[in-house]
Every structure is written in C-alpha cells, then in structure tokens.
Amino acid sequence: MWYFCESNYLETIVLSCVVLNVVTMAMAYEGANAQYESILKTINLVFSAVFIVEAIIKFIAYGLIGYFYSGWN
C-alpha cells in the first residue's frame with residue numbers, strides 16, 4: 001500500500017481529480033436548470049468519494065502521524 005501511495009500514478013490521478021473538480025465547480029452559474037445542477041452535484045459527489053478513498057488509503061499506508069506529516073495531505 002505504501003508503494004502505491006508513493007507512486008506517481010496515484011499523485012497524477014489525484015491531481016487530475018483536483019483540477020477537474022475545480023473546473024466543475026466553476027461551471028455552476030445562477031439560473032441554471034435543475035438537471036444541470038443535479039449533474040454537477042453528482043459529479044461533485046464522485047470527486048468527494050475519490051478524495052475520501054485516497055485519504056483512507058493513505059491513512060492505511062502512512063498511519064495517523066505519517067498522514068499528517070505531509071503538507072500535501
């Protein structure tokens with residue numbers, strides 16, 4: 001698990017999700033129809049799930065103190 005957390009693969013995925021999440025948050029606008037807002041909300045929930053899974057994986061790999069030692073986490 002530690003090797004997976006230290007790999008560039010995970011870092012690239014998480015950084016891509018952060019960028020895409022910012023883009024989808026910027027897509028919201030006042031007066032949007034309900035279906036559009038529902039889609040953006042669903043996408044936001046998917047990104048939240050990805051970030052929660054990432055945190056759990058890193059907690060398992062690094063432990064509590066090791067997780068908070070890194071400023072990236």
# chains A, B, ... in the order shown; residues from 1 in each chain; ligands from 1

call {"tool": "residues_around", "arguments": {"residues": "Val18 (chain A)", "least_positions_apart": "4", "cutoff": "12 Å", "atoms": "only C-alpha atoms", "output": "ChimeraX atom specification"}}
result
/A:11-14,22-25,44,46-48,50-51,54

call {"tool": "write_last_selection", "arguments": {"atoms": "C-alpha atoms", "output": "PDB file, in the first residue's frame"}}
result
ATOM      1  CA  GLU A  11      -0.358  11.531  -7.460  1.00  0.00           C
ATOM      2  CA  THR A  12      -1.268  12.090 -11.107  1.00  0.00           C
ATOM      3  CA  ILE A  13      -4.772  10.718 -10.612  1.00  0.00           C
ATOM      4  CA  VAL A  14      -5.419  12.839  -7.523  1.00  0.00           C
ATOM      5  CA  VAL A  22     -12.226  22.940  -9.733  1.00  0.00           C
ATOM      6  CA  VAL A  23     -13.418  23.108 -13.335  1.00  0.00           C
ATOM      7  CA  THR A  24     -16.770  21.526 -12.499  1.00  0.00           C
ATOM      8  CA  MET A  25     -17.233  23.853  -9.515  1.00  0.00           C
ATOM      9  CA  ASN A  44     -19.058  16.646  -7.045  1.00  0.00           C
ATOM     10  CA  VAL A  46     -17.969  11.342  -7.228  1.00  0.00           C
ATOM     11  CA  PHE A  47     -14.954  13.581  -6.663  1.00  0.00           C
ATOM     12  CA  SER A  48     -15.675  13.626  -2.918  1.00  0.00           C
ATOM     13  CA  VAL A  50     -12.399   9.719  -4.784  1.00  0.00           C
ATOM     14  CA  PHE A  51     -10.795  12.065  -2.234  1.00  0.00           C
ATOM     15  CA  GLU A  54      -7.478   8.479  -1.280  1.00  0.00           C
TER      16      GLU A  54
END

call {"tool": "select_by_dssp", "arguments": {"residues": "chain A", "states": "alpha helix (DSSP H)", "output": "JSON, numbers by chain"}}
result
{"A": [2, 3, 4, 5, 6, 8, 9, 10, 11, 12, 13, 14, 15, 16, 17, 18, 19, 20, 21, 22, 23, 24, 25, 26, 34, 35, 36, 37, 38, 39, 40, 41, 42, 43, 44, 45, 46, 47, 48, 49, 50, 51, 52, 53, 54, 55, 56, 57, 58, 59, 60, 61, 62, 63, 64, 65, 66, 67, 68, 69]}

call {"tool": "atom_distance", "arguments": {"atom1": "CA of Leu20 (chain A)", "atom2": "CA of Leu64 (chain A)"}}
result
27.9 Å

call {"tool": "closest_residue", "arguments": {"among": "A:Tyr36, A:Ser70, A:Met27, A:Glu6", "to": "Ile57 (chain A)", "atoms": "only C-alpha atoms"}}
result
A:Glu6

call {"tool": "atom_distance", "arguments": {"atom1": "CA of Trp2 (chain A)", "atom2": "CA of Tyr67 (chain A)"}}
result
11.2 Å

call {"tool": "residues_around", "arguments": {"residues": "Glu37 (chain A)", "least_positions_apart": "6", "cutoff": "10 Å", "atoms": "only C-alpha atoms", "output": "ChimeraX atom specification"}}
result
/A:27-31,43

call {"tool": "atom_distance", "arguments": {"atom1": "CA of Lys41 (chain A)", "atom2": "CA of Cys17 (chain A)"}}
result
15.1 Å

call {"tool": "closest_residue", "arguments": {"among": "A:Asn8, A:Met1, A:Leu40, A:Asn73", "to": "Ala26 (chain A)", "atoms": "only C-alpha atoms"}}
result
A:Leu40
